[in-house]
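Participant: Next up is a structure, given as structure tokens.
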Amino acid sequence: MRGHGELVKVGVEGTGSYGAGLARYLAALNGDASGTPKSGDGAVESIRALQVARRGSVKARTQAANQLRDLIVTAPEVLRARLAGLAAPQRVELAARFRPGDLTSPAEGAKAAMAAVARRHQALTAEITQLDASLEALLEHAAPAGFLTKKGVGPVVAAALLVTAGDNPGRLRTEASLAALCGASPVDASSGKQRRHRLNRGGDRQANSALWRIVFTRMACDPRTQAYVARRTAEGKTSKEIMRCLKRYVAREIYKALVTQARTPAASVPLTPAA
């Protein structure tokens with residue numbers, strides 16, 4: 001970089017993934033940086049790696065299920081009639097037991113293909129189950145007390161939020177920084193006399209999806225959230241605007257759990273907002 005002229009400032013993207021090593025090196029070299037990269041030296045880094053493997057397994061299993069469905073649609077009528085009316089798990093179980101005969105027959109060739117795809121689906125399901133067990137064990141170790149008991153926070157959601165915060169969540173100085181990192185900070189979309197904000201489409205999309213899952217769950221079964229939705233709907237807010245507001249509130253709650261509570265473990269963590 002110095003070969004191109006006087007070096008004044010360096011900006012690094014992807015400090016939680018591809019740019020993490022460079023960001024750590026430059027921060028140590030400079031001694032003074034406006035942002036602190038994830039340390040990647042604890043259990044949360046292990047959670048991140050397992051999450052990558054799990055997402056790949058889930059994607060591959062979905063592809064296998066779609067392939068099996070397509071093979072059934074195009075199979076000879078006799079074979080299609082046996083499988084078409086079954087639920088997806090039953091299709092997989094039955095197809096995995098196929099023992100094809102003469103492969104010159106279209107029906108037997110279809111059976112061979114279905115059996116291969118169904119057994120792949122079963123293997124991927126076993127792989128996902130094992131990864132989930134490993135993730136849950138790590139979450140028990142890495143998550144703050146009470147974090148996994150919050151409404152809407154399951155293992156997958158908790159893992160995504162922990163990975164976003166990193167092994168050193170103290171690097172997030174304010175709740176607004178976490179909200180921006182999760183793509184839950186309000187973006188001004190005002191025009192003329194109309195004052196409004198829209199959903200932020202930036203930030204960590206895995207964390208944003210985790211916040212969405214929490215909000216979606218609470219809108220379905222949490223009385224306080226339902227009351228909030230009813231009140232804001234009566235005020236003329238759209239469902240997207242209400243979701244944006246709720247995601248911002250949840251980001252505040254998550255910040256208190258992951259950062260503030262980590263600094264002061266005895267601190268109480270309030271539930272989702274009333275305003």
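Labels for the structure tokens follow display order: chains A, B, ..., residues from 1 in each chain, ligands from 1.
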Based on DSSP run over this structure's backbone, return all residues of region 154-228 of chain A in alpha helix (DSSP H), as a compact mmCIF listing (two decimals) with N, CA, C and O atoms, in the first residue's frame.

Facilitator:
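Final output, saved to part.txt:
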```txt
# COMPACT_ATOMS: atom_id res chain seq x y z
N PRO A 155 -31.88 -22.06 19.51
CA PRO A 155 -30.45 -22.28 19.27
C PRO A 155 -29.92 -21.62 18.00
O PRO A 155 -28.85 -21.01 18.02
N VAL A 156 -30.65 -21.73 16.89
CA VAL A 156 -30.18 -21.16 15.62
C VAL A 156 -30.13 -19.63 15.70
O VAL A 156 -29.15 -19.00 15.27
N VAL A 157 -31.17 -19.03 16.28
CA VAL A 157 -31.21 -17.58 16.44
C VAL A 157 -30.10 -17.11 17.39
O VAL A 157 -29.38 -16.14 17.11
N ALA A 158 -29.95 -17.80 18.51
CA ALA A 158 -28.92 -17.42 19.48
C ALA A 158 -27.53 -17.52 18.86
O ALA A 158 -26.69 -16.64 19.07
N ALA A 159 -27.29 -18.56 18.10
CA ALA A 159 -25.98 -18.74 17.46
C ALA A 159 -25.68 -17.59 16.52
O ALA A 159 -24.56 -17.04 16.50
N ALA A 160 -26.67 -17.19 15.70
CA ALA A 160 -26.46 -16.10 14.75
C ALA A 160 -26.13 -14.80 15.46
O ALA A 160 -25.23 -14.05 15.04
N LEU A 161 -26.82 -14.50 16.55
CA LEU A 161 -26.59 -13.25 17.27
C LEU A 161 -25.26 -13.26 18.02
O LEU A 161 -24.55 -12.25 18.07
N LEU A 162 -24.89 -14.39 18.59
CA LEU A 162 -23.60 -14.50 19.26
C LEU A 162 -22.46 -14.32 18.27
O LEU A 162 -21.46 -13.66 18.57
N VAL A 163 -22.60 -14.92 17.10
CA VAL A 163 -21.55 -14.79 16.08
C VAL A 163 -21.40 -13.33 15.64
O VAL A 163 -20.30 -12.84 15.42
N THR A 164 -22.51 -12.63 15.52
CA THR A 164 -22.46 -11.21 15.13
C THR A 164 -21.73 -10.39 16.18
O THR A 164 -20.92 -9.51 15.85
N ALA A 165 -22.02 -10.65 17.45
CA ALA A 165 -21.35 -9.91 18.53
C ALA A 165 -19.90 -10.32 18.68
O ALA A 165 -19.04 -9.50 19.03
N GLU A 175 -25.68 0.45 21.94
CA GLU A 175 -26.72 -0.41 21.36
C GLU A 175 -26.99 -0.03 19.91
O GLU A 175 -27.38 -0.89 19.10
N ALA A 176 -26.77 1.25 19.56
CA ALA A 176 -26.96 1.67 18.18
C ALA A 176 -25.97 0.98 17.25
O ALA A 176 -26.30 0.69 16.10
N SER A 177 -24.76 0.71 17.75
CA SER A 177 -23.77 0.03 16.91
C SER A 177 -24.21 -1.39 16.60
O SER A 177 -24.02 -1.88 15.48
N LEU A 178 -24.80 -2.09 17.59
CA LEU A 178 -25.31 -3.44 17.33
C LEU A 178 -26.49 -3.40 16.37
O LEU A 178 -26.59 -4.24 15.47
N ALA A 179 -27.38 -2.42 16.55
CA ALA A 179 -28.54 -2.30 15.67
C ALA A 179 -28.10 -2.09 14.22
O ALA A 179 -28.64 -2.70 13.30
N ALA A 180 -27.08 -1.23 14.02
CA ALA A 180 -26.57 -0.99 12.67
C ALA A 180 -25.91 -2.24 12.12
O ALA A 180 -26.07 -2.58 10.93
N LEU A 181 -25.19 -2.96 12.98
CA LEU A 181 -24.51 -4.18 12.56
C LEU A 181 -25.52 -5.25 12.14
O LEU A 181 -25.26 -6.05 11.24
N ARG A 205 -26.81 -9.98 7.44
CA ARG A 205 -28.15 -10.45 7.10
C ARG A 205 -28.55 -11.67 7.92
O ARG A 205 -29.74 -11.93 8.12
N GLN A 206 -27.58 -12.46 8.40
CA GLN A 206 -27.91 -13.59 9.27
C GLN A 206 -28.46 -13.07 10.60
O GLN A 206 -29.44 -13.59 11.13
N ALA A 207 -27.83 -12.02 11.13
CA ALA A 207 -28.31 -11.43 12.38
C ALA A 207 -29.66 -10.76 12.17
O ALA A 207 -30.54 -10.82 13.03
N ASN A 208 -29.83 -10.11 11.01
CA ASN A 208 -31.10 -9.47 10.71
C ASN A 208 -32.22 -10.50 10.64
O ASN A 208 -33.32 -10.29 11.14
N SER A 209 -31.92 -11.65 10.03
CA SER A 209 -32.90 -12.73 9.96
C SER A 209 -33.23 -13.25 11.35
O SER A 209 -34.39 -13.59 11.64
N ALA A 210 -32.23 -13.31 12.23
CA ALA A 210 -32.46 -13.76 13.60
C ALA A 210 -33.41 -12.81 14.34
O ALA A 210 -34.33 -13.25 15.05
N LEU A 211 -33.21 -11.49 14.16
CA LEU A 211 -34.11 -10.52 14.78
C LEU A 211 -35.52 -10.67 14.22
O LEU A 211 -36.51 -10.58 14.96
N TRP A 212 -35.62 -10.91 12.91
CA TRP A 212 -36.93 -11.09 12.29
C TRP A 212 -37.64 -12.29 12.89
O TRP A 212 -38.84 -12.24 13.16
N ARG A 213 -36.92 -13.38 13.11
CA ARG A 213 -37.53 -14.58 13.68
C ARG A 213 -38.05 -14.31 15.09
O ARG A 213 -39.12 -14.78 15.48
N ILE A 214 -37.29 -13.55 15.88
CA ILE A 214 -37.73 -13.21 17.23
C ILE A 214 -39.01 -12.40 17.18
O ILE A 214 -40.00 -12.68 17.87
N VAL A 215 -39.00 -11.37 16.32
CA VAL A 215 -40.18 -10.49 16.20
C VAL A 215 -41.39 -11.28 15.69
O VAL A 215 -42.50 -11.14 16.22
N PHE A 216 -41.18 -12.11 14.68
CA PHE A 216 -42.28 -12.89 14.11
C PHE A 216 -42.90 -13.81 15.17
O PHE A 216 -44.11 -13.94 15.27
N THR A 217 -42.04 -14.44 15.97
CA THR A 217 -42.53 -15.34 17.02
C THR A 217 -43.32 -14.57 18.07
O THR A 217 -44.40 -14.99 18.50
N ARG A 218 -42.80 -13.42 18.47
CA ARG A 218 -43.47 -12.64 19.51
C ARG A 218 -44.78 -12.02 19.01
O ARG A 218 -45.74 -11.87 19.79
N MET A 219 -44.82 -11.67 17.74
CA MET A 219 -46.08 -11.16 17.19
C MET A 219 -47.17 -12.22 17.21
O MET A 219 -48.36 -11.91 17.27
N ALA A 220 -46.76 -13.49 17.18
CA ALA A 220 -47.73 -14.59 17.16
C ALA A 220 -48.18 -15.01 18.55
O ALA A 220 -49.32 -15.47 18.72
N CYS A 221 -47.30 -14.85 19.58
CA CYS A 221 -47.65 -15.44 20.87
C CYS A 221 -47.32 -14.58 22.09
O CYS A 221 -47.57 -15.02 23.22
N PRO A 223 -48.25 -11.39 24.29
CA PRO A 223 -49.32 -10.39 24.44
C PRO A 223 -48.82 -8.95 24.36
O PRO A 223 -49.49 -8.09 23.77
N ARG A 224 -47.66 -8.66 24.94
CA ARG A 224 -47.15 -7.28 24.91
C ARG A 224 -46.83 -6.85 23.49
O ARG A 224 -47.14 -5.73 23.08
N THR A 225 -46.22 -7.74 22.74
CA THR A 225 -45.90 -7.42 21.35
C THR A 225 -47.17 -7.26 20.54
O THR A 225 -47.27 -6.36 19.69
N GLN A 226 -48.15 -8.12 20.77
CA GLN A 226 -49.41 -8.03 20.05
C GLN A 226 -50.13 -6.71 20.35
O GLN A 226 -50.71 -6.09 19.44
N ALA A 227 -50.06 -6.28 21.60
CA ALA A 227 -50.68 -5.00 21.96
C ALA A 227 -49.97 -3.84 21.28
O ALA A 227 -50.60 -2.88 20.81
N TYR A 228 -48.65 -3.94 21.20
CA TYR A 228 -47.86 -2.90 20.53
C TYR A 228 -48.22 -2.83 19.04
O TYR A 228 -48.42 -1.75 18.49
```

Participant: Can you write out as JSON lines which residues of region 20-84 of chain A fall within 12 Å of region 89-93 of chain A, alongside each residue's closest atom pair and its distance in Å to one decimal, counting only C-alpha atoms and ordering rows by chain and ascending residue number?

Facilitator:
```
{"residue": "A:Arg61", "atom": "CA", "partner": "A:Val92", "partner_atom": "CA", "distance": 11.2}
{"residue": "A:Ala64", "atom": "CA", "partner": "A:Val92", "partner_atom": "CA", "distance": 9.7}
{"residue": "A:Ala65", "atom": "CA", "partner": "A:Val92", "partner_atom": "CA", "distance": 8.0}
{"residue": "A:Asn66", "atom": "CA", "partner": "A:Val92", "partner_atom": "CA", "distance": 11.1}
{"residue": "A:Gln67", "atom": "CA", "partner": "A:Val92", "partner_atom": "CA", "distance": 11.1}
{"residue": "A:Leu68", "atom": "CA", "partner": "A:Val92", "partner_atom": "CA", "distance": 7.9}
{"residue": "A:Arg69", "atom": "CA", "partner": "A:Arg91", "partner_atom": "CA", "distance": 8.7}
{"residue": "A:Leu71", "atom": "CA", "partner": "A:Arg91", "partner_atom": "CA", "distance": 11.3}
{"residue": "A:Ile72", "atom": "CA", "partner": "A:Arg91", "partner_atom": "CA", "distance": 9.4}
{"residue": "A:Leu79", "atom": "CA", "partner": "A:Arg91", "partner_atom": "CA", "distance": 11.6}
{"residue": "A:Arg80", "atom": "CA", "partner": "A:Arg91", "partner_atom": "CA", "distance": 10.8}
{"residue": "A:Ala81", "atom": "CA", "partner": "A:Arg91", "partner_atom": "CA", "distance": 11.6}
{"residue": "A:Arg82", "atom": "CA", "partner": "A:Arg91", "partner_atom": "CA", "distance": 9.1}
{"residue": "A:Leu83", "atom": "CA", "partner": "A:Arg91", "partner_atom": "CA", "distance": 6.0}
{"residue": "A:Ala84", "atom": "CA", "partner": "A:Arg91", "partner_atom": "CA", "distance": 8.1}
```

Participant: Report as a PDB file with N, CA and C atoms, in the first residue's frame all protein, DNA and RNA residues lying within 9 Å of Tyr255 (chain A), evaluated on only C-alpha atoms, omitting residues in the same chain fewer than 2 positions from it.

Facilitator:
```
ATOM      1  N   ALA A 165     -22.020 -10.648  17.450  1.00  0.00           N
ATOM      2  CA  ALA A 165     -21.355  -9.910  18.530  1.00  0.00           C
ATOM      3  C   ALA A 165     -19.899 -10.324  18.678  1.00  0.00           C
ATOM      4  N   PRO A 169     -17.724  -9.062  22.699  1.00  0.00           N
ATOM      5  CA  PRO A 169     -18.855  -8.167  22.450  1.00  0.00           C
ATOM      6  C   PRO A 169     -18.661  -6.764  23.001  1.00  0.00           C
ATOM      7  N   LEU A 172     -18.525  -3.505  20.890  1.00  0.00           N
ATOM      8  CA  LEU A 172     -19.720  -2.761  20.484  1.00  0.00           C
ATOM      9  C   LEU A 172     -20.030  -1.756  21.588  1.00  0.00           C
ATOM     10  N   THR A 174     -22.084   0.896  21.833  1.00  0.00           N
ATOM     11  CA  THR A 174     -23.452   1.340  22.097  1.00  0.00           C
ATOM     12  C   THR A 174     -24.438   0.365  21.477  1.00  0.00           C
ATOM     13  N   GLU A 175     -25.683   0.454  21.940  1.00  0.00           N
ATOM     14  CA  GLU A 175     -26.722  -0.405  21.361  1.00  0.00           C
ATOM     15  C   GLU A 175     -26.994  -0.031  19.907  1.00  0.00           C
ATOM     16  N   ALA A 176     -26.765   1.249  19.563  1.00  0.00           N
ATOM     17  CA  ALA A 176     -26.960   1.673  18.175  1.00  0.00           C
ATOM     18  C   ALA A 176     -25.972   0.981  17.247  1.00  0.00           C
ATOM     19  N   LEU A 178     -24.805  -2.092  17.587  1.00  0.00           N
ATOM     20  CA  LEU A 178     -25.306  -3.439  17.327  1.00  0.00           C
ATOM     21  C   LEU A 178     -26.491  -3.404  16.371  1.00  0.00           C
ATOM     22  N   ALA A 179     -27.380  -2.419  16.555  1.00  0.00           N
ATOM     23  CA  ALA A 179     -28.539  -2.299  15.668  1.00  0.00           C
ATOM     24  C   ALA A 179     -28.096  -2.089  14.223  1.00  0.00           C
ATOM     25  N   VAL A 250     -35.805  -5.092  19.783  1.00  0.00           N
ATOM     26  CA  VAL A 250     -35.171  -6.372  20.104  1.00  0.00           C
ATOM     27  C   VAL A 250     -33.659  -6.243  20.071  1.00  0.00           C
ATOM     28  N   ALA A 251     -33.128  -5.455  19.125  1.00  0.00           N
ATOM     29  CA  ALA A 251     -31.684  -5.225  19.069  1.00  0.00           C
ATOM     30  C   ALA A 251     -31.187  -4.597  20.373  1.00  0.00           C
ATOM     31  N   ARG A 252     -31.991  -3.698  20.939  1.00  0.00           N
ATOM     32  CA  ARG A 252     -31.633  -3.081  22.228  1.00  0.00           C
ATOM     33  C   ARG A 252     -31.597  -4.130  23.333  1.00  0.00           C
ATOM     34  N   GLU A 253     -32.605  -5.007  23.336  1.00  0.00           N
ATOM     35  CA  GLU A 253     -32.662  -6.075  24.340  1.00  0.00           C
ATOM     36  C   GLU A 253     -31.474  -7.031  24.199  1.00  0.00           C
ATOM     37  N   ALA A 257     -28.316  -7.970  26.785  1.00  0.00           N
ATOM     38  CA  ALA A 257     -28.015  -9.345  27.189  1.00  0.00           C
ATOM     39  C   ALA A 257     -26.592  -9.745  26.858  1.00  0.00           C
ATOM     40  N   LEU A 258     -26.114  -9.377  25.656  1.00  0.00           N
ATOM     41  CA  LEU A 258     -24.810  -9.840  25.198  1.00  0.00           C
ATOM     42  C   LEU A 258     -23.654  -8.963  25.650  1.00  0.00           C
ATOM     43  N   VAL A 259     -23.906  -7.656  25.803  1.00  0.00           N
ATOM     44  CA  VAL A 259     -22.811  -6.730  26.118  1.00  0.00           C
ATOM     45  C   VAL A 259     -22.913  -6.212  27.551  1.00  0.00           C
ATOM     46  N   THR A 260     -24.030  -5.544  27.862  1.00  0.00           N
ATOM     47  CA  THR A 260     -24.162  -4.967  29.205  1.00  0.00           C
ATOM     48  C   THR A 260     -24.139  -6.038  30.280  1.00  0.00           C
ATOM     49  N   GLN A 261     -24.879  -7.128  30.064  1.00  0.00           N
ATOM     50  CA  GLN A 261     -24.928  -8.197  31.058  1.00  0.00           C
ATOM     51  C   GLN A 261     -23.582  -8.904  31.174  1.00  0.00           C
TER      52      GLN A 261
END
```

Participant: Using only C-alpha atoms for the distances, tell me which of A:Arg248, A:Ser39, A:Gly154, A:Pro106 is nearest to Val187 (chain A).

Facilitator: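 Among the listed residues, the smallest separation from Val187 (chain A) belongs to A:Arg248.
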
Participant: Give me, please, the distance in Å between CA of Arg119 (chain A) and CA of Ala96 (chain A), quoted to one decimal.

Facilitator: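 So the answer is 5.3 Å.
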
Participant: For CA of Gly192 (chain A) and CA of Thr233 (chain A), quote the distance in Å rounded to one decimal.

Facilitator: 23.1 Å

Participant: Would you please extract all strand (DSSP E or B) residues from region 47-269 of chain A, as assigned by DSSP on the backbone, and give them as a PyMOL selection string?

Facilitator: chain A and resi 187-188+191+194+197-198

Participant: So the first atom is CA of Leu135 (chain A) and the second is CA of Gln122 (chain A); what is the distance between them in Å, to one decimal place?

Facilitator: 19.9 Å

Participant: Quick one: of A:Ala230, A:Gly202, A:Lys38, A:Gly109, who's nearest to Gly170 (chain A), counting only C-alpha atoms?

Facilitator: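 Residue with the minimum atom-to-atom distance to Gly170 (chain A): A:Lys38.
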
Participant: Residues at most 8 Å from region 43-56 of chain A, counting only C-alpha atoms, excluding those fewer than 2 positions away in the same chain, as a list in words?

Facilitator: Gly40, Asp41, Val58, Lys59, Ala60, Ile128, Leu131, Asp132, Leu135, Leu138, Leu139, His141, Ala142, Ala159, Ala160, Leu162, Val163, Gly166 and Asp167 of chain A

Participant: Since we have the selection now, will you write its residues out, keeping C-alpha atoms, as a PDB file, in the first residue's frame?

Facilitator:
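Dumped to part.pdb:
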```pdb
ATOM      1  CA  GLY A  40     -12.094 -14.986  17.073  1.00  0.00           C
ATOM      2  CA  ASP A  41     -10.369 -16.684  19.996  1.00  0.00           C
ATOM      3  CA  VAL A  58     -29.412 -27.694   5.280  1.00  0.00           C
ATOM      4  CA  LYS A  59     -29.034 -26.305   1.757  1.00  0.00           C
ATOM      5  CA  ALA A  60     -27.863 -29.674   0.426  1.00  0.00           C
ATOM      6  CA  ILE A 128     -27.542 -31.688  10.832  1.00  0.00           C
ATOM      7  CA  LEU A 131     -24.197 -30.280  14.298  1.00  0.00           C
ATOM      8  CA  ASP A 132     -27.244 -29.068  16.249  1.00  0.00           C
ATOM      9  CA  LEU A 135     -24.060 -26.070  18.698  1.00  0.00           C
ATOM     10  CA  LEU A 138     -21.413 -24.632  22.818  1.00  0.00           C
ATOM     11  CA  LEU A 139     -24.328 -22.241  23.359  1.00  0.00           C
ATOM     12  CA  HIS A 141     -21.112 -22.479  27.469  1.00  0.00           C
ATOM     13  CA  ALA A 142     -20.984 -19.220  25.488  1.00  0.00           C
ATOM     14  CA  ALA A 159     -25.981 -18.740  17.463  1.00  0.00           C
ATOM     15  CA  ALA A 160     -26.459 -16.101  14.747  1.00  0.00           C
ATOM     16  CA  LEU A 162     -23.601 -14.497  19.256  1.00  0.00           C
ATOM     17  CA  VAL A 163     -21.546 -14.786  16.081  1.00  0.00           C
ATOM     18  CA  GLY A 166     -18.211 -12.073  18.501  1.00  0.00           C
ATOM     19  CA  ASP A 167     -16.055 -13.411  21.307  1.00  0.00           C
TER      20      ASP A 167
END
```

Participant: Residues near Asn200 (chain A), anyone? I mean within 8 Å using only C-alpha atoms, not counting same-chain ones fewer than 4 positions away, as a PDB file with N, CA and C atoms, in the first residue's frame.

Facilitator:
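Final output, part_28.pdb:
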```
ATOM      1  N   GLY A 183     -28.435  -4.539  10.818  1.00  0.00           N
ATOM      2  CA  GLY A 183     -29.333  -4.001   9.799  1.00  0.00           C
ATOM      3  C   GLY A 183     -30.684  -3.623  10.358  1.00  0.00           C
ATOM      4  N   ALA A 184     -30.728  -3.230  11.642  1.00  0.00           N
ATOM      5  CA  ALA A 184     -31.993  -2.883  12.283  1.00  0.00           C
ATOM      6  C   ALA A 184     -32.070  -1.416  12.668  1.00  0.00           C
ATOM      7  N   SER A 185     -31.111  -0.620  12.225  1.00  0.00           N
ATOM      8  CA  SER A 185     -31.153   0.810  12.515  1.00  0.00           C
ATOM      9  C   SER A 185     -32.058   1.503  11.505  1.00  0.00           C
ATOM     10  N   PRO A 186     -32.809   2.520  11.918  1.00  0.00           N
ATOM     11  CA  PRO A 186     -33.741   3.179  10.995  1.00  0.00           C
ATOM     12  C   PRO A 186     -32.997   3.967   9.920  1.00  0.00           C
ATOM     13  N   VAL A 187     -33.521   3.922   8.700  1.00  0.00           N
ATOM     14  CA  VAL A 187     -32.958   4.687   7.591  1.00  0.00           C
ATOM     15  C   VAL A 187     -33.988   5.712   7.163  1.00  0.00           C
TER      16      VAL A 187
END
```
